[in-house]
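Next comes upload34.txt, with compact mmCIF, N, CA and C atoms.
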```txt
# COMPACT_ATOMS: atom_id res chain seq x y z
N MET E 185 34.56 44.98 99.67
CA MET E 185 33.34 44.83 98.89
C MET E 185 32.35 45.92 99.31
N ALA E 186 31.82 46.61 98.33
CA ALA E 186 30.85 47.67 98.59
C ALA E 186 29.49 47.25 98.05
N GLN E 187 28.45 47.72 98.70
CA GLN E 187 27.11 47.43 98.19
C GLN E 187 26.86 48.26 96.94
N VAL E 188 26.33 47.61 95.92
CA VAL E 188 25.97 48.27 94.67
C VAL E 188 24.44 48.31 94.61
N GLU E 189 23.90 49.43 94.12
CA GLU E 189 22.45 49.58 94.05
C GLU E 189 22.05 50.20 92.72
N ALA E 190 20.99 49.65 92.13
CA ALA E 190 20.41 50.18 90.90
C ALA E 190 18.91 50.34 91.12
N THR E 191 18.39 51.53 90.83
CA THR E 191 16.95 51.79 91.01
C THR E 191 16.37 52.37 89.73
N THR E 192 15.22 51.86 89.35
CA THR E 192 14.48 52.33 88.18
C THR E 192 13.03 52.52 88.60
N GLU E 193 12.40 53.57 88.10
CA GLU E 193 10.98 53.73 88.42
C GLU E 193 10.20 54.24 87.24
N ARG E 194 8.90 54.01 87.28
CA ARG E 194 8.03 54.38 86.17
C ARG E 194 6.62 54.62 86.71
N ILE E 195 5.92 55.58 86.12
CA ILE E 195 4.49 55.75 86.37
C ILE E 195 3.77 54.95 85.28
N VAL E 196 2.84 54.11 85.69
CA VAL E 196 2.11 53.25 84.77
C VAL E 196 0.63 53.64 84.83
N ALA E 197 -0.02 53.72 83.68
CA ALA E 197 -1.43 54.13 83.60
C ALA E 197 -2.34 52.93 83.85
N ALA E 198 -2.27 52.40 85.06
CA ALA E 198 -3.13 51.30 85.50
C ALA E 198 -3.15 51.31 87.02
N ASP E 199 -4.24 50.79 87.61
CA ASP E 199 -4.35 50.74 89.07
C ASP E 199 -3.23 49.92 89.68
N ALA E 200 -2.79 50.32 90.88
CA ALA E 200 -1.68 49.66 91.57
C ALA E 200 -1.95 48.16 91.76
N GLU E 201 -3.17 47.80 92.09
CA GLU E 201 -3.47 46.38 92.31
C GLU E 201 -3.27 45.56 91.04
N LYS E 202 -3.72 46.10 89.92
CA LYS E 202 -3.56 45.41 88.63
C LYS E 202 -2.08 45.27 88.27
N VAL E 203 -1.31 46.35 88.49
CA VAL E 203 0.12 46.33 88.17
C VAL E 203 0.85 45.34 89.08
N PHE E 204 0.55 45.38 90.39
CA PHE E 204 1.20 44.46 91.31
C PHE E 204 0.89 43.01 90.94
N ASP E 205 -0.37 42.74 90.62
CA ASP E 205 -0.75 41.37 90.22
C ASP E 205 0.06 40.91 89.00
N ALA E 206 0.29 41.82 88.06
CA ALA E 206 1.07 41.48 86.86
C ALA E 206 2.53 41.20 87.21
N VAL E 207 3.10 42.04 88.09
CA VAL E 207 4.50 41.85 88.51
C VAL E 207 4.65 40.51 89.25
N ALA E 208 3.66 40.15 90.06
CA ALA E 208 3.72 38.93 90.86
C ALA E 208 3.35 37.67 90.08
N ASP E 209 2.87 37.83 88.85
CA ASP E 209 2.43 36.71 88.02
C ASP E 209 3.61 36.11 87.25
N TYR E 210 4.39 35.30 87.96
CA TYR E 210 5.60 34.71 87.35
C TYR E 210 5.28 33.66 86.31
N SER E 211 4.13 33.01 86.41
CA SER E 211 3.81 31.96 85.45
C SER E 211 3.11 32.50 84.21
N GLY E 212 2.80 33.80 84.19
CA GLY E 212 2.13 34.38 83.04
C GLY E 212 2.79 35.66 82.58
N THR E 213 2.35 36.79 83.15
CA THR E 213 2.78 38.11 82.70
C THR E 213 4.29 38.29 82.74
N ARG E 214 4.94 37.87 83.83
CA ARG E 214 6.37 38.16 83.98
C ARG E 214 7.18 37.60 82.82
N SER E 215 6.88 36.37 82.42
CA SER E 215 7.65 35.77 81.32
C SER E 215 7.43 36.52 80.01
N LYS E 216 6.27 37.17 79.85
CA LYS E 216 5.97 37.92 78.62
C LYS E 216 6.68 39.26 78.55
N VAL E 217 6.99 39.85 79.71
CA VAL E 217 7.53 41.22 79.72
C VAL E 217 9.05 41.27 79.89
N LEU E 218 9.70 40.13 80.06
CA LEU E 218 11.15 40.13 80.22
C LEU E 218 11.85 40.48 78.91
N PRO E 219 12.79 41.42 78.94
CA PRO E 219 13.54 41.73 77.72
C PRO E 219 14.55 40.64 77.39
N GLU E 220 15.23 40.80 76.26
CA GLU E 220 16.11 39.76 75.72
C GLU E 220 17.30 39.43 76.62
N GLN E 221 17.61 40.26 77.61
CA GLN E 221 18.73 39.97 78.50
C GLN E 221 18.43 38.81 79.45
N PHE E 222 17.16 38.41 79.54
CA PHE E 222 16.75 37.29 80.40
C PHE E 222 16.58 36.05 79.53
N SER E 223 17.13 34.93 79.96
CA SER E 223 16.97 33.68 79.22
C SER E 223 16.78 32.52 80.20
N GLU E 224 16.43 31.36 79.65
CA GLU E 224 16.24 30.13 80.43
C GLU E 224 15.27 30.33 81.60
N TYR E 225 14.22 31.13 81.35
CA TYR E 225 13.22 31.44 82.37
C TYR E 225 12.43 30.18 82.72
N GLU E 226 12.29 29.92 84.03
CA GLU E 226 11.56 28.73 84.46
C GLU E 226 11.02 28.93 85.87
N VAL E 227 9.71 28.76 86.03
CA VAL E 227 9.10 28.78 87.36
C VAL E 227 9.26 27.38 87.93
N ARG E 228 9.91 27.26 89.08
CA ARG E 228 10.17 25.94 89.68
C ARG E 228 9.22 25.60 90.80
N GLU E 229 8.69 26.61 91.47
CA GLU E 229 7.67 26.40 92.52
C GLU E 229 6.74 27.59 92.49
N GLY E 230 5.49 27.35 92.87
CA GLY E 230 4.52 28.45 92.94
C GLY E 230 4.26 29.04 91.57
N GLY E 231 4.38 30.35 91.48
CA GLY E 231 4.14 31.03 90.21
C GLY E 231 3.41 32.34 90.39
N ASP E 232 2.87 32.56 91.62
CA ASP E 232 2.15 33.80 91.87
C ASP E 232 2.59 34.38 93.21
N GLY E 233 3.53 35.31 93.16
CA GLY E 233 3.96 36.03 94.36
C GLY E 233 4.67 35.18 95.38
N GLU E 234 4.35 35.43 96.65
CA GLU E 234 4.96 34.76 97.80
C GLU E 234 5.07 33.25 97.58
N GLY E 235 6.24 32.71 97.86
CA GLY E 235 6.45 31.27 97.74
C GLY E 235 6.93 30.81 96.37
N THR E 236 7.04 31.74 95.42
CA THR E 236 7.51 31.37 94.09
C THR E 236 9.02 31.17 94.12
N LEU E 237 9.48 30.19 93.38
CA LEU E 237 10.90 29.99 93.13
C LEU E 237 11.06 30.01 91.62
N VAL E 238 11.85 30.97 91.13
CA VAL E 238 11.96 31.17 89.69
C VAL E 238 13.44 31.25 89.30
N HIS E 239 13.75 30.70 88.12
CA HIS E 239 15.12 30.69 87.62
C HIS E 239 15.18 31.49 86.33
N TRP E 240 16.30 32.22 86.13
CA TRP E 240 16.61 32.80 84.83
C TRP E 240 18.09 33.10 84.79
N LYS E 241 18.56 33.32 83.57
CA LYS E 241 19.91 33.83 83.39
C LYS E 241 19.77 35.27 82.93
N LEU E 242 20.55 36.14 83.54
CA LEU E 242 20.54 37.56 83.22
C LEU E 242 21.87 37.93 82.59
N GLN E 243 21.82 38.34 81.34
CA GLN E 243 23.03 38.75 80.63
C GLN E 243 23.16 40.26 80.77
N ALA E 244 23.90 40.68 81.79
CA ALA E 244 24.04 42.10 82.09
C ALA E 244 24.93 42.81 81.07
N THR E 245 25.98 42.13 80.59
CA THR E 245 26.86 42.67 79.56
C THR E 245 27.18 41.53 78.60
N SER E 246 27.94 41.81 77.56
CA SER E 246 28.29 40.75 76.61
C SER E 246 29.11 39.64 77.27
N LYS E 247 29.80 39.98 78.36
CA LYS E 247 30.66 39.00 79.02
C LYS E 247 30.12 38.52 80.36
N ARG E 248 29.13 39.19 80.91
CA ARG E 248 28.66 38.90 82.26
C ARG E 248 27.25 38.30 82.23
N VAL E 249 27.17 37.01 82.58
CA VAL E 249 25.87 36.33 82.68
C VAL E 249 25.71 35.83 84.11
N ARG E 250 24.60 36.19 84.72
CA ARG E 250 24.32 35.79 86.09
C ARG E 250 23.26 34.70 86.08
N ASP E 251 23.55 33.57 86.72
CA ASP E 251 22.59 32.46 86.84
C ASP E 251 21.82 32.71 88.13
N CYS E 252 20.54 33.04 88.02
CA CYS E 252 19.74 33.47 89.17
C CYS E 252 18.68 32.42 89.53
N LEU E 253 18.59 32.12 90.81
CA LEU E 253 17.54 31.28 91.35
C LEU E 253 16.91 32.07 92.48
N LEU E 254 15.71 32.61 92.24
CA LEU E 254 15.14 33.62 93.12
C LEU E 254 13.97 33.10 93.94
N GLU E 255 14.05 33.36 95.25
CA GLU E 255 12.94 33.08 96.17
C GLU E 255 12.15 34.37 96.32
N VAL E 256 10.83 34.27 96.17
CA VAL E 256 9.97 35.46 96.20
C VAL E 256 9.21 35.53 97.51
N THR E 257 9.25 36.72 98.15
CA THR E 257 8.44 36.97 99.34
C THR E 257 7.66 38.26 99.13
N GLU E 258 6.61 38.45 99.94
CA GLU E 258 5.82 39.67 99.93
C GLU E 258 5.78 40.21 101.35
N PRO E 259 6.83 40.94 101.77
CA PRO E 259 6.90 41.39 103.16
C PRO E 259 5.80 42.38 103.56
N THR E 260 5.35 43.22 102.62
CA THR E 260 4.27 44.17 102.90
C THR E 260 3.38 44.28 101.66
N ASP E 261 2.21 44.86 101.82
CA ASP E 261 1.31 45.06 100.68
C ASP E 261 2.01 45.90 99.62
N GLY E 262 1.92 45.46 98.37
CA GLY E 262 2.50 46.21 97.27
C GLY E 262 4.00 46.05 97.13
N GLU E 263 4.58 45.11 97.88
CA GLU E 263 6.03 44.91 97.82
C GLU E 263 6.34 43.44 97.56
N LEU E 264 7.24 43.23 96.62
CA LEU E 264 7.68 41.88 96.24
C LEU E 264 9.21 41.87 96.33
N VAL E 265 9.78 40.87 97.00
CA VAL E 265 11.23 40.79 97.14
C VAL E 265 11.72 39.48 96.53
N GLU E 266 12.70 39.59 95.64
CA GLU E 266 13.33 38.43 94.98
C GLU E 266 14.75 38.30 95.49
N LYS E 267 15.02 37.23 96.26
CA LYS E 267 16.37 36.99 96.80
C LYS E 267 17.01 35.86 96.02
N ASP E 268 18.19 36.14 95.48
CA ASP E 268 18.91 35.16 94.67
C ASP E 268 19.64 34.17 95.58
N ARG E 269 19.37 32.89 95.42
CA ARG E 269 20.07 31.86 96.20
C ARG E 269 21.53 31.71 95.77
N ASN E 270 21.87 32.19 94.57
CA ASN E 270 23.21 32.00 94.02
C ASN E 270 24.14 33.19 94.25
N SER E 271 23.66 34.26 94.86
CA SER E 271 24.49 35.46 95.06
C SER E 271 23.86 36.32 96.15
N SER E 272 24.44 37.50 96.34
CA SER E 272 23.91 38.45 97.33
C SER E 272 22.85 39.37 96.73
N MET E 273 22.46 39.12 95.47
CA MET E 273 21.53 40.01 94.78
C MET E 273 20.11 39.91 95.34
N VAL E 274 19.52 41.08 95.60
CA VAL E 274 18.14 41.18 96.07
C VAL E 274 17.46 42.27 95.24
N THR E 275 16.32 41.91 94.64
CA THR E 275 15.53 42.89 93.88
C THR E 275 14.20 43.10 94.58
N THR E 276 13.87 44.36 94.84
CA THR E 276 12.62 44.72 95.50
C THR E 276 11.76 45.52 94.54
N TRP E 277 10.52 45.06 94.38
CA TRP E 277 9.52 45.73 93.55
C TRP E 277 8.53 46.39 94.50
N ARG E 278 8.29 47.70 94.32
CA ARG E 278 7.27 48.39 95.10
C ARG E 278 6.28 49.02 94.13
N VAL E 279 5.00 48.73 94.33
CA VAL E 279 3.95 49.29 93.49
C VAL E 279 3.00 50.06 94.41
N THR E 280 2.85 51.36 94.15
CA THR E 280 2.00 52.21 94.98
C THR E 280 1.09 53.04 94.08
N PRO E 281 -0.07 53.45 94.60
CA PRO E 281 -0.95 54.33 93.83
C PRO E 281 -0.25 55.66 93.53
N ALA E 282 -0.53 56.22 92.35
CA ALA E 282 0.08 57.50 91.95
C ALA E 282 -0.97 58.38 91.28
N GLY E 283 -2.13 58.47 91.91
CA GLY E 283 -3.22 59.26 91.34
C GLY E 283 -4.26 58.35 90.71
N GLU E 284 -5.31 58.96 90.22
CA GLU E 284 -6.44 58.22 89.65
C GLU E 284 -6.01 57.32 88.50
N GLY E 285 -6.17 56.00 88.68
CA GLY E 285 -5.88 55.04 87.62
C GLY E 285 -4.41 54.92 87.26
N LYS E 286 -3.53 55.36 88.15
CA LYS E 286 -2.10 55.29 87.89
C LYS E 286 -1.38 54.66 89.07
N SER E 287 -0.19 54.13 88.79
CA SER E 287 0.64 53.59 89.86
C SER E 287 2.11 53.88 89.59
N ARG E 288 2.87 53.89 90.66
CA ARG E 288 4.31 54.08 90.58
C ARG E 288 4.95 52.72 90.86
N VAL E 289 5.83 52.30 89.94
CA VAL E 289 6.56 51.04 90.11
C VAL E 289 8.03 51.41 90.32
N VAL E 290 8.59 50.97 91.44
CA VAL E 290 10.00 51.21 91.74
C VAL E 290 10.68 49.86 91.89
N VAL E 291 11.74 49.65 91.11
CA VAL E 291 12.51 48.40 91.16
C VAL E 291 13.91 48.76 91.66
N THR E 292 14.32 48.14 92.76
CA THR E 292 15.65 48.39 93.32
C THR E 292 16.38 47.07 93.46
N THR E 293 17.57 46.99 92.88
CA THR E 293 18.40 45.79 93.00
C THR E 293 19.68 46.17 93.72
N THR E 294 20.04 45.36 94.73
CA THR E 294 21.28 45.57 95.47
C THR E 294 22.07 44.27 95.49
N TRP E 295 23.39 44.40 95.59
CA TRP E 295 24.26 43.24 95.76
C TRP E 295 25.60 43.70 96.30
N GLN E 296 26.35 42.76 96.84
CA GLN E 296 27.70 43.05 97.31
C GLN E 296 28.64 43.02 96.11
N GLY E 297 29.22 44.15 95.80
CA GLY E 297 30.11 44.26 94.65
C GLY E 297 31.51 43.80 94.97
N ALA E 298 32.32 43.72 93.95
CA ALA E 298 33.73 43.33 94.09
C ALA E 298 34.51 44.44 94.80
N GLY E 299 35.68 44.11 95.26
CA GLY E 299 36.57 45.09 95.87
C GLY E 299 37.54 45.64 94.84
N GLY E 300 38.35 46.58 95.26
CA GLY E 300 39.42 47.11 94.41
C GLY E 300 38.92 47.88 93.20
N ILE E 301 39.77 47.92 92.18
CA ILE E 301 39.46 48.70 90.98
C ILE E 301 38.27 48.11 90.24
N GLY E 302 38.16 46.76 90.23
CA GLY E 302 37.00 46.11 89.60
C GLY E 302 35.71 46.53 90.27
N GLY E 303 35.75 46.64 91.60
CA GLY E 303 34.57 47.08 92.35
C GLY E 303 34.20 48.51 92.03
N PHE E 304 35.21 49.36 91.84
CA PHE E 304 34.95 50.75 91.47
C PHE E 304 34.19 50.82 90.14
N PHE E 305 34.66 50.05 89.15
CA PHE E 305 34.00 50.06 87.84
C PHE E 305 32.60 49.44 87.93
N GLU E 306 32.47 48.38 88.72
CA GLU E 306 31.16 47.75 88.89
C GLU E 306 30.17 48.74 89.51
N LYS E 307 30.60 49.43 90.57
CA LYS E 307 29.72 50.37 91.26
C LYS E 307 29.38 51.56 90.35
N THR E 308 30.31 51.92 89.46
CA THR E 308 30.11 53.05 88.56
C THR E 308 29.20 52.71 87.38
N PHE E 309 29.42 51.55 86.76
CA PHE E 309 28.73 51.25 85.49
C PHE E 309 27.59 50.25 85.59
N ALA E 310 27.65 49.31 86.52
CA ALA E 310 26.60 48.28 86.61
C ALA E 310 25.21 48.86 86.85
N PRO E 311 25.04 49.85 87.75
CA PRO E 311 23.70 50.40 87.95
C PRO E 311 23.09 50.99 86.67
N LYS E 312 23.91 51.64 85.83
CA LYS E 312 23.39 52.21 84.58
C LYS E 312 22.93 51.10 83.63
N GLY E 313 23.73 50.04 83.52
CA GLY E 313 23.37 48.92 82.65
C GLY E 313 22.12 48.22 83.12
N LEU E 314 22.06 47.96 84.42
CA LEU E 314 20.87 47.30 84.97
C LEU E 314 19.66 48.21 84.85
N GLY E 315 19.87 49.52 85.00
CA GLY E 315 18.78 50.48 84.83
C GLY E 315 18.18 50.40 83.43
N ARG E 316 19.03 50.28 82.41
CA ARG E 316 18.52 50.14 81.03
C ARG E 316 17.70 48.86 80.86
N ILE E 317 18.17 47.77 81.47
CA ILE E 317 17.44 46.50 81.39
C ILE E 317 16.07 46.64 82.04
N TYR E 318 16.03 47.23 83.24
CA TYR E 318 14.75 47.38 83.93
C TYR E 318 13.86 48.44 83.29
N ASP E 319 14.44 49.45 82.64
CA ASP E 319 13.62 50.39 81.85
C ASP E 319 12.87 49.64 80.76
N SER E 320 13.56 48.76 80.08
CA SER E 320 12.94 47.96 79.03
C SER E 320 11.84 47.07 79.60
N LEU E 321 12.13 46.43 80.73
CA LEU E 321 11.14 45.57 81.37
C LEU E 321 9.90 46.39 81.76
N LEU E 322 10.11 47.58 82.34
CA LEU E 322 8.98 48.41 82.75
C LEU E 322 8.20 48.94 81.55
N ASP E 323 8.87 49.21 80.43
CA ASP E 323 8.16 49.58 79.19
C ASP E 323 7.21 48.47 78.79
N ARG E 324 7.72 47.25 78.81
CA ARG E 324 6.91 46.09 78.42
C ARG E 324 5.78 45.83 79.41
N LEU E 325 6.06 46.00 80.70
CA LEU E 325 5.04 45.83 81.72
C LEU E 325 3.92 46.85 81.51
N ALA E 326 4.29 48.11 81.30
CA ALA E 326 3.29 49.15 81.07
C ALA E 326 2.43 48.82 79.87
N ALA E 327 3.06 48.41 78.78
CA ALA E 327 2.30 48.06 77.57
C ALA E 327 1.33 46.91 77.83
N GLU E 328 1.73 45.98 78.68
CA GLU E 328 0.89 44.82 78.99
C GLU E 328 -0.31 45.21 79.85
N VAL E 329 -0.11 46.01 80.90
CA VAL E 329 -1.21 46.32 81.83
C VAL E 329 -2.06 47.50 81.39
N GLU E 330 -1.56 48.31 80.45
CA GLU E 330 -2.33 49.45 79.97
C GLU E 330 -3.25 49.09 78.82
N LYS E 331 -3.27 47.81 78.41
CA LYS E 331 -4.12 47.37 77.30
C LYS E 331 -5.58 47.62 77.60
```
The structure in this file should be written as structure tokens.
Amino acid sequence: MAQVEATTERIVAADAEKVFDAVADYSGTRSKVLPEQFSEYEVREGGDGEGTLVHWKLQATSKRVRDCLLEVTEPTDGELVEKDRNSSMVTTWRVTPAGEGKSRVVVTTTWQGAGGIGGFFEKTFAPKGLGRIYDSLLDRLAAEVEK
């Protein structure tokens, strides 16, 4: 089993604090900016950053649906970590200032991939697919916070 990693980033025309607050707002903004690959979204505990427990299903491909139950922590300022209780998947959101009135949002997802030939294909193609999903999410996030 090899570690698989997918990273997507975007410059958003809004202050880092405003963008981070939107990313951490699971009971409001987050549900509005999720693309169609996310379904059955439900906040089970908390709803704002650290201490949130959130559920969704992520349809990565037509055949692959991941049932995610994520615990949210904030290990450092501007960083949000979502650890899936159902798998080895961990998604880290980092929001940092990127000049006057702008911020850089970096989303990195890692997980332990399959072994063998299946693992080779997963490591080769899964990051691109997940990248497209997070590109869409970041487009929606930008549109929401740049209003």
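Within stretch 188-270 of chain E, residues classed as helix (DSSP H, G or I) by DSSP on backbone coordinates are Ala200, Glu201, Lys202, Val203, Phe204, Asp205, Ala206, Val207, Ala208, Thr213, Arg214, Ser215, Lys216 and Val217 of chain E.
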Measuring atom to atom with all atoms listed in the file, identify which of E:Val227, E:Val279, E:Asp319, E:Trp295 is nearest to E:Val203. E:Val279
Closest of E:Ala327, E:Gly315, E:Lys286, E:Leu321 to E:Ala200 - atom-to-atom distances counting all atoms listed in the file: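 Result for the nearest residue to E:Ala200: E:Lys286.
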Name the residues of stretch 187-318 of chain E that fall into strand (DSSP E) according to DSSP on the backbone, using the chain letters and numbers of this document, as a count of residues only. 58
Which neighbours of E:Tyr210 fall inside 8 Å, counting only C-alpha atoms, when residues of the same chain fewer than 4 positions from it are skipped, and could you give them as an MDAnalysis selection string? chainID E and resid 214:215 227 231:233 236 238
Near E:Arg316, within 8 Å and counting only N, CA and C atoms, which residues show up once chain neighbours fewer than 6 positions away are dropped, as a list in words?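 Listed by chain and then number, they are Thr192, Ala310 and Leu322 of chain E.
Distances from E:Leu264, E:Ile317, E:Val207, E:Val274 to E:Ala244 were compared using all atoms listed in the file, and the smallest one belongs to E:Ile317.
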Option closest in space to E:Thr191, from E:Ala282, E:Val290, E:Ala206, E:Val217 [counting all atoms listed in the file]: E:Val290
Selected residue of minimal separation from E:Glu263 among E:Ile195, E:Trp277, E:Glu189, E:Thr245, counting only N, CA and C atoms: E:Trp277
